[in-house]
file query27.cif (mmCIF, C-alpha atoms)
data_structure
#
loop_
_atom_site.label_atom_id
_atom_site.label_comp_id
_atom_site.auth_asym_id
_atom_site.auth_seq_id
_atom_site.Cartn_x
_atom_site.Cartn_y
_atom_site.Cartn_z
CA MET K 86 117.55 102.35 93.69
CA LEU K 87 116.19 105.22 91.55
CA ASN K 88 118.36 107.74 93.42
CA SER K 89 121.72 106.11 92.59
CA SER K 90 123.43 107.59 89.57
CA PHE K 91 126.63 108.31 87.71
CA LYS K 92 127.74 111.93 87.55
CA LEU K 93 127.06 113.81 84.33
CA GLY K 94 128.36 117.24 85.37
CA ARG K 95 127.27 120.37 87.20
CA LEU K 96 124.72 123.03 86.28
CA ALA K 97 124.37 126.27 88.24
CA GLY K 98 126.41 124.66 91.01
CA VAL K 99 124.17 121.58 91.25
CA GLU K 100 125.55 118.11 90.50
CA ILE K 101 123.59 116.35 87.73
CA GLY K 102 123.37 112.57 87.78
CA ILE K 103 121.73 109.98 85.53
CA ASN K 104 120.32 106.69 86.79
CA MET K 105 120.93 103.74 84.47
CA SER K 106 117.16 103.15 84.27
CA LEU K 107 116.95 106.36 82.22
CA LEU K 108 118.79 104.71 79.33
CA LEU K 109 115.98 102.17 78.97
CA VAL K 110 113.34 104.91 78.82
CA ALA K 111 115.46 106.96 76.40
CA GLY K 112 115.81 104.00 74.05
CA LEU K 113 112.10 103.19 74.09
CA LEU K 114 111.18 106.86 73.58
CA TRP K 115 113.61 107.24 70.67
CA LEU K 116 112.19 104.11 69.03
CA SER K 117 108.59 105.27 69.51
CA LEU K 118 109.23 108.77 68.13
CA SER K 119 111.27 107.50 65.16
CA THR K 120 109.07 104.63 64.04
CA GLN K 121 105.54 105.68 65.04
CA ILE K 122 104.90 109.29 66.04
CA PHE K 123 106.92 111.34 63.54
CA PRO K 124 106.26 109.09 60.48
CA ARG K 125 102.52 109.69 61.15
CA THR K 126 102.73 113.44 61.78
CA VAL K 127 105.34 114.35 59.12
CA ALA K 128 104.98 111.93 56.23
CA GLY K 129 107.34 111.56 53.29
CA GLN K 130 110.71 111.74 55.05
CA SER K 131 113.48 109.15 54.87
CA GLU K 132 114.04 106.70 57.72
CA PRO K 133 117.40 108.25 58.81
CA VAL K 134 115.67 111.64 59.14
CA TYR K 135 113.05 110.17 61.47
CA TYR K 136 115.74 108.52 63.60
CA LEU K 137 117.81 111.72 63.79
CA LEU K 138 114.72 113.75 64.69
CA GLY K 139 113.59 111.16 67.24
CA GLY K 140 117.03 111.12 68.89
CA ALA K 141 117.22 114.91 69.06
CA VAL K 142 113.71 115.24 70.51
CA SER K 143 114.42 112.49 73.07
CA ILE K 144 117.43 114.46 74.31
CA LEU K 145 115.38 117.67 74.40
CA PHE K 146 112.65 115.89 76.37
CA PHE K 147 115.09 114.86 79.09
CA GLY K 148 116.44 118.39 78.95
CA SER K 149 112.93 119.59 79.76
CA VAL K 150 112.79 117.17 82.72
CA LEU K 151 116.07 118.69 83.90
CA TRP K 152 114.50 122.16 83.41
CA HIS K 153 111.62 121.04 85.69
CA GLU K 154 113.98 119.78 88.41
CA MET K 155 116.24 122.85 88.15
CA ALA K 156 113.17 124.99 88.88
CA HIS K 157 112.73 123.04 92.15
CA ALA K 158 116.44 123.40 92.92
CA LEU K 159 116.58 127.15 92.27
CA ALA K 160 113.44 127.76 94.31
CA ALA K 161 114.94 125.76 97.19
CA ARG K 162 118.18 127.74 97.01
CA PHE K 163 116.17 130.97 97.00
CA PHE K 164 114.87 129.94 100.43
CA GLY K 165 118.36 129.00 101.64
CA ILE K 166 117.94 125.22 101.28
CA PRO K 167 121.07 123.58 99.79
CA VAL K 168 120.53 121.22 96.85
CA ARG K 169 123.08 118.40 96.66
CA GLN K 170 122.19 116.94 93.26
CA ILE K 171 119.55 116.29 90.63
CA VAL K 172 119.06 112.68 89.51
CA LEU K 173 117.29 111.90 86.24
CA ASN K 174 115.75 108.43 86.39
CA LEU K 175 113.05 106.05 85.17
CA ILE K 176 110.17 108.12 86.59
CA GLY K 177 111.51 111.53 85.55
CA GLY K 178 113.79 113.21 88.04
CA LEU K 179 114.49 114.09 91.63
CA ALA K 180 116.10 117.15 93.23
CA VAL K 181 117.95 115.94 96.35
CA MET K 182 117.82 118.68 99.00
CA GLU K 183 119.96 118.79 102.13
CA GLU K 184 117.04 120.01 104.26
CA GLU K 185 113.26 119.98 104.17
CA ALA K 186 111.14 123.13 103.83
CA LYS K 187 110.72 124.86 107.18
CA THR K 188 107.47 126.68 106.41
CA PRO K 189 104.37 125.95 104.29
CA THR K 190 105.21 128.94 102.10
CA GLN K 191 108.60 127.47 101.24
CA GLU K 192 107.03 124.04 100.61
CA PHE K 193 104.39 125.59 98.32
CA TRP K 194 106.75 127.55 96.07
CA ILE K 195 109.47 124.89 95.90
CA SER K 196 106.87 122.31 94.85
CA PHE K 197 104.84 124.53 92.53
CA SER K 198 107.90 125.85 90.67
CA GLY K 199 108.40 122.54 88.82
CA PRO K 200 104.95 122.19 87.21
CA LEU K 201 104.89 125.95 86.57
CA SER K 202 108.20 125.76 84.67
CA SER K 203 106.95 122.76 82.64
CA ALA K 204 103.72 124.59 81.78
CA VAL K 205 105.63 127.69 80.66
CA LEU K 206 108.05 125.63 78.54
CA GLY K 207 105.18 123.58 77.10
CA GLY K 208 103.25 126.71 76.17
CA MET K 209 106.28 128.25 74.46
CA CYS K 210 106.91 125.08 72.44
CA TRP K 211 103.24 124.75 71.48
CA PHE K 212 102.90 128.36 70.26
CA SER K 213 106.22 128.09 68.37
CA ALA K 214 104.92 124.94 66.64
CA GLN K 215 101.78 126.76 65.55
CA THR K 216 103.89 129.56 64.12
CA LEU K 217 106.20 127.23 62.18
CA GLY K 218 103.46 124.85 61.09
CA THR K 219 102.92 121.44 62.63
CA GLN K 220 103.53 119.65 59.30
CA THR K 221 107.19 120.72 59.25
CA LEU K 222 109.91 118.71 60.99
CA MET K 223 110.71 121.49 63.45
CA GLY K 224 107.03 122.25 64.02
CA ALA K 225 106.19 118.59 64.71
CA ALA K 226 109.08 118.30 67.15
CA LEU K 227 108.05 121.46 69.02
CA LEU K 228 104.40 120.39 69.04
CA TRP K 229 105.28 117.04 70.67
CA LEU K 230 107.57 118.73 73.21
CA GLY K 231 104.89 121.27 74.01
CA GLN K 232 102.19 118.67 74.50
CA ILE K 233 104.37 116.35 76.62
CA ASN K 234 105.48 119.22 78.89
CA LEU K 235 101.88 120.37 79.39
CA ILE K 236 100.92 116.76 80.21
CA LEU K 237 103.90 116.57 82.60
CA ALA K 238 102.75 119.75 84.34
CA ALA K 239 99.15 118.53 84.63
CA PHE K 240 100.13 115.05 85.85
CA ASN K 241 102.47 116.49 88.47
CA MET K 242 99.67 118.67 89.85
CA ILE K 243 97.61 115.63 90.94
CA PRO K 244 97.03 116.48 94.64
CA GLY K 245 98.62 113.38 96.13
CA PHE K 246 102.10 112.77 97.49
CA PRO K 247 104.79 112.22 96.13
CA LEU K 248 103.72 114.30 93.11
CA ASP K 249 104.36 118.04 93.16
CA GLY K 250 100.63 118.66 93.40
CA GLY K 251 100.56 116.53 96.55
CA ARG K 252 103.27 118.67 98.09
CA VAL K 253 101.40 121.84 97.09
CA PHE K 254 98.21 120.40 98.62
CA GLU K 255 100.18 119.49 101.75
CA ALA K 256 101.57 123.04 101.99
CA VAL K 257 98.07 124.54 101.77
CA ILE K 258 96.72 122.26 104.54
CA TRP K 259 99.82 122.96 106.63
CA PHE K 260 99.33 126.73 106.17
CA PHE K 261 95.69 126.77 107.26
CA SER K 262 95.85 124.08 109.96
CA ARG K 263 99.31 124.94 111.34
CA ASN K 264 99.73 121.18 111.72
CA GLN K 265 102.39 119.70 109.44
CA LEU K 266 101.76 116.10 110.50
CA LEU K 267 98.04 116.43 109.65
CA ALA K 268 98.97 117.87 106.25
CA VAL K 269 101.34 114.97 105.56
CA ARG K 270 98.74 112.39 106.56
CA VAL K 271 96.09 113.92 104.28
CA SER K 272 98.38 114.33 101.24
CA SER K 273 99.78 110.80 101.71
CA THR K 274 96.29 109.30 101.95
CA VAL K 275 95.20 111.11 98.77
CA GLY K 276 98.42 109.93 97.10
CA GLN K 277 97.63 106.32 97.99
CA ILE K 278 94.07 106.71 96.66
CA PHE K 279 95.47 107.83 93.29
CA ALA K 280 98.03 105.00 93.46
CA ALA K 281 95.20 102.48 93.94
CA LEU K 282 93.38 103.99 90.94
CA PHE K 283 96.50 103.48 88.81
CA VAL K 284 96.67 99.84 89.89
CA LEU K 285 92.98 99.30 89.07
CA PHE K 286 93.42 101.02 85.72
CA ALA K 287 96.41 98.75 84.97
CA GLY K 288 94.20 95.70 85.49
CA PHE K 289 91.42 97.18 83.36
CA GLU K 290 93.91 98.08 80.61
CA LEU K 291 95.31 94.54 80.59
CA MET K 292 91.82 92.99 80.23
CA ARG K 293 90.71 95.47 77.57
CA THR K 294 93.80 95.62 75.34
CA GLY K 295 95.98 92.70 76.41
CA SER K 296 98.95 95.10 76.46
CA ILE K 297 101.33 93.63 79.02
CA PHE K 298 103.95 96.39 78.66
CA GLY K 299 101.48 99.28 79.01
CA SER K 300 99.73 97.64 81.97
CA ALA K 301 103.03 96.84 83.69
CA TRP K 302 104.16 100.46 83.34
CA THR K 303 100.90 101.79 84.81
CA LEU K 304 101.14 99.22 87.60
CA PHE K 305 104.72 100.30 88.35
CA ILE K 306 103.65 103.95 88.62
CA GLY K 307 100.84 102.95 91.01
CA TRP K 308 103.24 100.88 93.13
CA PHE K 309 105.78 103.70 93.24
CA LEU K 310 103.18 106.30 94.28
CA TRP K 311 101.77 104.00 96.99
CA THR K 312 105.20 103.19 98.45
CA ALA K 313 106.45 106.79 98.38
CA ALA K 314 103.28 108.07 100.09
CA LYS K 315 103.50 105.34 102.74
CA TYR K 316 107.10 106.14 103.67
CA HIS K 317 106.47 109.88 103.60
CA ARG K 318 103.78 109.43 106.26
CA LEU K 319 106.00 107.11 108.33
CA ASN K 320 108.90 109.58 108.18
CA ALA K 321 106.68 112.49 109.16
CA THR K 322 105.31 110.52 112.11
CA LYS K 323 108.85 109.63 113.19
CA ARG K 324 109.98 113.24 112.80
CA ALA K 325 107.09 114.46 114.96
CA ALA K 326 107.99 111.92 117.66
CA LEU K 327 111.65 113.01 117.54
CA LYS K 328 110.95 116.75 117.57
CA GLY K 329 113.06 118.40 120.24
CA VAL K 330 115.39 115.38 120.54
CA PHE K 331 118.96 116.46 119.88
CA VAL K 332 121.92 114.42 118.71
CA GLY K 333 123.82 115.25 121.90
CA GLN K 334 121.29 113.21 123.86
CA ALA K 335 122.45 110.05 122.06
CA ILE K 336 126.02 110.36 123.35
CA ARG K 337 126.95 107.60 125.77
CA SER K 338 129.89 107.45 128.12
CA HIS K 339 132.91 106.05 126.27
CA THR K 340 136.31 105.04 127.55
CA PRO K 341 138.72 106.42 124.95
CA ILE K 342 141.90 104.68 123.84
CA ASP K 343 145.23 106.40 123.22
CA TYR K 344 146.61 106.62 119.72
CA ASP K 345 150.00 105.30 120.91
CA TRP K 346 148.66 102.12 122.54
CA PRO K 347 149.41 98.72 120.95
CA LEU K 348 146.36 97.15 119.35
CA ILE K 349 146.30 94.24 121.79
CA TYR K 350 146.14 96.58 124.80
CA ALA K 351 143.56 98.81 123.14
CA MET K 352 141.30 95.83 122.51
CA ASP K 353 141.59 94.73 126.14
CA ARG K 354 140.54 98.21 127.28
CA MET K 355 137.64 98.21 124.82
CA ALA K 356 136.43 94.85 126.18
CA ILE K 357 136.64 96.11 129.77
CA GLY K 358 134.73 99.28 128.81
CA GLY K 359 132.00 97.27 127.09
CA HIS K 360 132.80 98.55 123.59
CA ILE K 361 132.10 95.96 120.92
CA ARG K 362 132.72 97.70 117.59
CA THR K 363 134.38 101.11 117.95
CA ALA K 364 136.26 103.38 120.33
CA LEU K 365 137.34 107.02 120.33
CA VAL K 366 141.04 107.67 119.83
CA THR K 367 142.60 110.51 121.82
CA SER K 368 145.90 112.28 122.06
CA GLU K 369 146.58 114.64 124.97
CA ASP K 370 142.87 114.39 125.92
CA LYS K 371 141.70 115.52 122.48
CA ILE K 372 139.64 113.32 120.14
CA ILE K 373 141.66 112.75 116.98
CA GLY K 374 140.03 109.71 115.40
CA LEU K 375 138.00 106.53 115.52
CA PHE K 376 139.22 102.96 115.95
CA ALA K 377 136.95 100.25 114.52
CA LEU K 378 137.46 96.52 114.91
CA GLU K 379 136.87 96.07 111.18
CA SER K 380 140.23 97.78 110.58
CA LEU K 381 141.96 94.69 112.01
CA ARG K 382 140.89 92.43 109.15
CA HIS K 383 144.10 92.90 107.19
CA ILE K 384 146.49 92.96 110.16
CA PRO K 385 147.99 89.61 111.23
CA ARG K 386 147.12 88.71 114.83
CA LEU K 387 150.81 88.28 115.66
CA SER K 388 151.36 91.98 114.84
CA TRP K 389 148.77 93.30 117.26
CA GLY K 390 151.40 93.78 119.94
CA SER K 391 153.60 96.01 117.77
CA VAL K 392 151.10 97.93 115.62
CA ARG K 393 149.83 101.12 117.26
CA VAL K 394 146.24 102.41 117.29
CA GLY K 395 147.31 105.57 115.46
CA GLN K 396 148.47 103.49 112.50
CA VAL K 397 145.02 102.00 111.80
CA MET K 398 142.57 104.60 113.15
CA GLN K 399 140.36 106.72 110.92
CA PRO K 400 141.25 110.43 111.37
CA ILE K 401 138.51 112.72 112.59
CA VAL K 402 138.70 114.81 109.41
CA ASN K 403 137.23 111.85 107.48
CA PHE K 404 133.80 112.33 109.06
CA PRO K 405 131.13 115.02 108.65
CA ARG K 406 130.52 117.27 111.65
CA VAL K 407 127.27 118.21 113.39
CA SER K 408 126.54 120.29 116.45
CA HIS K 409 125.30 118.61 119.62
CA ASP K 410 122.11 120.74 119.52
CA GLU K 411 120.96 119.65 116.04
CA GLU K 412 117.81 117.52 115.91
CA ILE K 413 118.58 113.84 115.54
CA PHE K 414 116.10 113.34 112.67
CA ASP K 415 117.87 115.96 110.52
CA VAL K 416 121.29 114.48 111.30
CA LEU K 417 120.16 110.97 110.31
CA ARG K 418 118.66 112.33 107.10
CA ARG K 419 121.94 114.02 106.12
CA MET K 420 123.96 110.91 107.00
CA GLU K 421 121.72 108.83 104.76
CA GLN K 422 122.03 111.31 101.88
CA ARG K 423 125.83 111.33 102.16
CA ASP K 424 126.06 107.60 102.90
CA ALA K 425 128.04 108.44 106.07
CA ASP K 426 128.46 105.70 108.67
CA TYR K 427 129.86 108.01 111.36
CA VAL K 428 129.45 111.63 112.38
CA VAL K 429 131.56 113.88 114.63
CA VAL K 430 129.50 115.65 117.30
CA THR K 431 130.85 119.05 118.33
CA HIS K 432 130.21 121.55 121.12
CA GLU K 433 131.43 125.10 120.49
CA ALA K 434 133.37 123.73 117.46
CA GLU K 435 135.27 121.19 119.60
CA PRO K 436 134.72 117.44 118.97
CA ILE K 437 133.08 115.71 121.93
CA ALA K 438 132.04 112.38 120.39
CA ILE K 439 131.85 110.27 117.25
CA LEU K 440 128.54 108.49 116.74
CA GLU K 441 127.72 105.61 114.41
CA ARG K 442 124.63 105.81 112.23
CA LEU K 443 123.45 102.42 113.51
CA GLU K 444 123.78 103.69 117.08
CA LEU K 445 121.75 106.80 116.25
CA LEU K 446 119.10 104.72 114.48
CA HIS K 447 118.62 102.45 117.51
CA PHE K 448 118.34 105.48 119.77
CA ALA K 449 115.86 107.18 117.43
CA GLU K 450 113.74 104.05 116.94
CA LYS K 451 113.37 103.66 120.68
CA LEU K 452 112.16 107.25 121.08
CA ALA K 453 109.98 107.18 117.94
CA ARG K 454 107.71 104.61 119.59
CA ARG K 455 106.49 107.27 122.00
CA PRO K 456 102.90 108.43 121.43
CA ILE K 457 102.62 111.79 119.67
#
call {"tool": "encode", "arguments": {"input": "query27.cif", "output": "structure tokens"}}
result
Amino acid sequence: MLNSSFKLGRLAGVEIGINMSLLLVAGLLWLSLSTQIFPRTVAGQSEPVYYLLGGAVSILFFGSVLWHEMAHALAARFFGIPVRQIVLNLIGGLAVMEEEAKTPTQEFWISFSGPLSSAVLGGMCWFSAQTLGTQTLMGAALLWLGQINLILAAFNMIPGFPLDGGRVFEAVIWFFSRNQLLAVRVSSTVGQIFAALFVLFAGFELMRTGSIFGSAWTLFIGWFLWTAAKYHRLNATKRAALKGVFVGQAIRSHTPIDYDWPLIYAMDRMAIGGHIRTALVTSEDKIIGLFALESLRHIPRLSWGSVRVGQVMQPIVNFPRVSHDEEIFDVLRRMEQRDADYVVVTHEAEPIAILERLELLHFAEKLARRPI
């Protein structure tokens, strides 16, 4: 939910998206800065000035979150890991990478770059505020931005997944133990301990102050940390179980159908071959597309004898391609990121099969139950 977004533009070749939840946070932040924080720190200004200053600082704050995520993205690209997009959302932001770090060194620097960039930006803003004077409008704005970025850096260095500090901690354990799964389990457990502390603090805050909004926000952070840590450990366990399992191993024997066959004949052949949902479409023994039963929804049954498979098939160029010797976990991860239902499997650049994500998931789930 927090990863879905509408496109804002591109920066340094990376797509920037904004989740709708960000608008809620932006509005609350603008209101808080304009009506509470700046009227206390810089007294004597008119109300429109406070609202203009609050709006500008709110935009700059989300710019600093983007700065933090761009540091992750640039560090990842330095190590040859493609970054598909950055999404700014309710909890800050997320850099969506096509691949995971392959070594603990990569994991360390990609993770540490974000808090480091926030600390550097926070320090620059803080020192600039001291130079200008914190009682001036510009000085007060820079002071708040400096403090919030330093807090952001410190919070993100908590050594529990999914925070950057948890990933740094995980990289250190991975480096010294040479066991990535152990590192994931430790960082996830620490992350869930901190998540539980947030939940307990939310209850304490509610009893002490009666603030429902503040307690609910702290509770949400605790829930998010707990859930993210839990699924990180589950994914790592599944990845370890699927290590060395390649996508080519999931290919089953399929009876293809010819692109020139009438639909009624193609469906008979699919039934005989045991295909329920899809079939490969060939022409002169080459795979050229995919025929799915769902494509028949808008075709009258009386036309099935005259309409040809080639008229309703999905061309092979519509699907992403993967090599038969790629690990199945990585392929599933990319399909999920791209929201792809099918993938073309190739061998020496020639298509040899088209696999459905659901089919791959069933195959992977069966193998993931093996003891590690």
call {"tool": "closest_residue", "arguments": {"input": "query27.cif", "among": "K:Phe448, K:Trp389, K:Trp308, K:Phe254", "to": "Phe331 in chain K", "atoms": "all atoms listed in the file"}}
result
K:Phe448
call {"tool": "atom_distance", "arguments": {"input": "query27.cif", "atom1": "CA of Val172 in chain K", "atom2": "CA of Arg418 in chain K"}}
result
17.6 Å
call {"tool": "atom_distance", "arguments": {"input": "query27.cif", "atom1": "CA of Gln215 in chain K", "atom2": "CA of Leu118 in chain K"}}
result
19.6 Å
call {"tool": "resolve_selection", "arguments": {"input": "query27.cif", "expression": "the PyMOL selection byres ((chain K and resi 279) around 10)", "output": "VMD selection string"}}
result
chain K and resid 243 to 246 273 to 278 280 to 285 307 310 to 311
call {"tool": "residues_around", "arguments": {"input": "query27.cif", "residues": "Leu230 in chain K", "least_positions_apart": "6", "cutoff": "12 Å", "atoms": "all atoms listed in the file", "output": "ChimeraX atom specification"}}
result
/K:118,139,141-150,203-214,219,223-224,236-237
call {"tool": "closest_residue", "arguments": {"input": "query27.cif", "among": "K:Phe163, K:Phe260, K:Ala287, K:Val127", "to": "Gly218 in chain K", "atoms": "all atoms listed in the file"}}
result
K:Val127
call {"tool": "atom_distance", "arguments": {"input": "query27.cif", "atom1": "CA of Val416 in chain K", "atom2": "CA of Ser198 in chain K"}}
result
27.1 Å
call {"tool": "resolve_selection", "arguments": {"input": "query27.cif", "expression": "the PyMOL selection byres ((chain K and resi 300) around 10)", "output": "list in words"}}
result
Phe283, Val284, Leu285, Phe286, Ala287, Gly288, Phe289, Glu290, Leu291, Met292, Thr294, Gly295, Ser296, Ile297, Phe298, Gly299, Ala301, Trp302, Thr303, Leu304, Phe305 and Ile306 of chain K
call {"tool": "closest_residue", "arguments": {"input": "query27.cif", "among": "K:Thr120, K:Asn104, K:Thr221, K:Gln232", "to": "Pro133 in chain K", "atoms": "only C-alpha atoms"}}
result
K:Thr120
call {"tool": "residues_around", "arguments": {"input": "query27.cif", "residues": "range 130-132 of chain K", "least_positions_apart": "6", "cutoff": "10 Å", "atoms": "only C-alpha atoms", "output": "CSV table (one decimal) with C-alpha atoms, in the frame of the given file"}}
result
chain,number,residue,atom,x,y,z
K,119,SER,CA,111.3,107.5,65.2
K,120,THR,CA,109.1,104.6,64.0
K,123,PHE,CA,106.9,111.3,63.5
K,124,PRO,CA,106.3,109.1,60.5
K,138,LEU,CA,114.7,113.8,64.7
K,222,LEU,CA,109.9,118.7,61.0
call {"tool": "residues_around", "arguments": {"input": "query27.cif", "residues": "range 364-376 of chain K", "least_positions_apart": "4", "cutoff": "6 Å", "atoms": "only C-alpha atoms", "output": "JSON, numbers by chain"}}
result
{"K": [341, 342, 343, 344, 398, 399, 400, 401]}
call {"tool": "closest_residue", "arguments": {"input": "query27.cif", "among": "K:Arg169, K:Leu109, K:Ala225, K:Arg442", "to": "Arg125 in chain K", "atoms": "all atoms listed in the file"}}
result
K:Ala225
call {"tool": "resolve_selection", "arguments": {"input": "query27.cif", "expression": "the PyMOL selection byres ((chain K and resi 349) around 9)", "output": "tab-separated table (two decimals) with C-alpha atoms, keeping the file's coordinate frame"}}
result
chain	number	residue	atom	x	y	z
K	346	TRP	CA	148.66	102.12	122.54
K	347	PRO	CA	149.41	98.72	120.95
K	348	LEU	CA	146.36	97.15	119.35
K	350	TYR	CA	146.14	96.58	124.80
K	351	ALA	CA	143.56	98.81	123.14
K	352	MET	CA	141.30	95.83	122.51
K	353	ASP	CA	141.59	94.73	126.14
K	354	ARG	CA	140.54	98.21	127.28
K	386	ARG	CA	147.12	88.71	114.83
K	388	SER	CA	151.36	91.98	114.84
K	389	TRP	CA	148.77	93.30	117.26
K	390	GLY	CA	151.40	93.78	119.94
K	391	SER	CA	153.60	96.01	117.77
K	392	VAL	CA	151.10	97.93	115.62
K	393	ARG	CA	149.83	101.12	117.26
call {"tool": "closest_residue", "arguments": {"input": "query27.cif", "among": "K:Gln170, K:Glu185, K:Glu154, K:Glu441", "to": "Gly94 in chain K", "atoms": "only C-alpha atoms"}}
result
K:Gln170
call {"tool": "closest_residue", "arguments": {"input": "query27.cif", "among": "K:Leu327, K:Met105, K:Ala313, K:Val269", "to": "Pro189 in chain K", "atoms": "all atoms listed in the file"}}
result
K:Val269
call {"tool": "residues_around", "arguments": {"input": "query27.cif", "residues": "range 323-326 of chain K", "least_positions_apart": "6", "cutoff": "12 Å", "atoms": "only C-alpha atoms", "output": "ChimeraX atom specification"}}
result
/K:185,264-267,269,316-317,412-418,446,449-457
call {"tool": "write_last_selection", "arguments": {"input": "query27.cif", "atoms": "C-alpha atoms", "output": "compact mmCIF listing (two decimals), in the coordinates of the input"}}
result
# COMPACT_ATOMS: atom_id res chain seq x y z
CA GLU K 185 113.26 119.98 104.17
CA ASN K 264 99.73 121.18 111.72
CA GLN K 265 102.39 119.70 109.44
CA LEU K 266 101.76 116.10 110.50
CA LEU K 267 98.04 116.43 109.65
CA VAL K 269 101.34 114.97 105.56
CA TYR K 316 107.10 106.14 103.67
CA HIS K 317 106.47 109.88 103.60
CA GLU K 412 117.81 117.52 115.91
CA ILE K 413 118.58 113.84 115.54
CA PHE K 414 116.10 113.34 112.67
CA ASP K 415 117.87 115.96 110.52
CA VAL K 416 121.29 114.48 111.30
CA LEU K 417 120.16 110.97 110.31
CA ARG K 418 118.66 112.33 107.10
CA LEU K 446 119.10 104.72 114.48
CA ALA K 449 115.86 107.18 117.43
CA GLU K 450 113.74 104.05 116.94
CA LYS K 451 113.37 103.66 120.68
CA LEU K 452 112.16 107.25 121.08
CA ALA K 453 109.98 107.18 117.94
CA ARG K 454 107.71 104.61 119.59
CA ARG K 455 106.49 107.27 122.00
CA PRO K 456 102.90 108.43 121.43
CA ILE K 457 102.62 111.79 119.67
call {"tool": "build_atoms", "arguments": {"input": "query27.cif", "residues": "range 389-400 of chain K", "atoms": "N, CA and C atoms", "output": "short mmCIF file (atom, residue, chain, number, x, y, z; two decimals), in the coordinates of the input"}}
result
data_model
loop_
_atom_site.label_atom_id
_atom_site.label_comp_id
_atom_site.auth_asym_id
_atom_site.auth_seq_id
_atom_site.Cartn_x
_atom_site.Cartn_y
_atom_site.Cartn_z
N TRP K 389 149.57 92.43 116.43
CA TRP K 389 148.77 93.30 117.26
C TRP K 389 149.55 93.89 118.45
N GLY K 390 150.62 93.25 118.83
CA GLY K 390 151.40 93.78 119.94
C GLY K 390 152.34 94.88 119.53
N SER K 391 152.65 94.99 118.23
CA SER K 391 153.60 96.01 117.77
C SER K 391 152.94 97.15 116.99
N VAL K 392 151.81 96.88 116.38
CA VAL K 392 151.10 97.93 115.62
C VAL K 392 150.35 98.83 116.59
N ARG K 393 150.46 100.14 116.38
CA ARG K 393 149.83 101.12 117.26
C ARG K 393 148.45 101.53 116.72
N VAL K 394 147.61 101.98 117.65
CA VAL K 394 146.24 102.41 117.29
C VAL K 394 146.28 103.50 116.23
N GLY K 395 147.23 104.44 116.40
CA GLY K 395 147.31 105.57 115.46
C GLY K 395 147.59 105.17 114.03
N GLN K 396 148.14 103.96 113.84
CA GLN K 396 148.47 103.49 112.50
C GLN K 396 147.24 102.97 111.74
N VAL K 397 146.19 102.59 112.45
CA VAL K 397 145.02 102.00 111.80
C VAL K 397 143.73 102.79 112.04
N MET K 398 143.79 103.83 112.86
CA MET K 398 142.57 104.60 113.15
C MET K 398 142.13 105.39 111.93
N GLN K 399 140.89 105.82 111.95
CA GLN K 399 140.36 106.72 110.92
C GLN K 399 140.41 108.15 111.47
N PRO K 400 141.15 109.07 110.84
CA PRO K 400 141.25 110.43 111.37
C PRO K 400 139.90 111.13 111.43
#
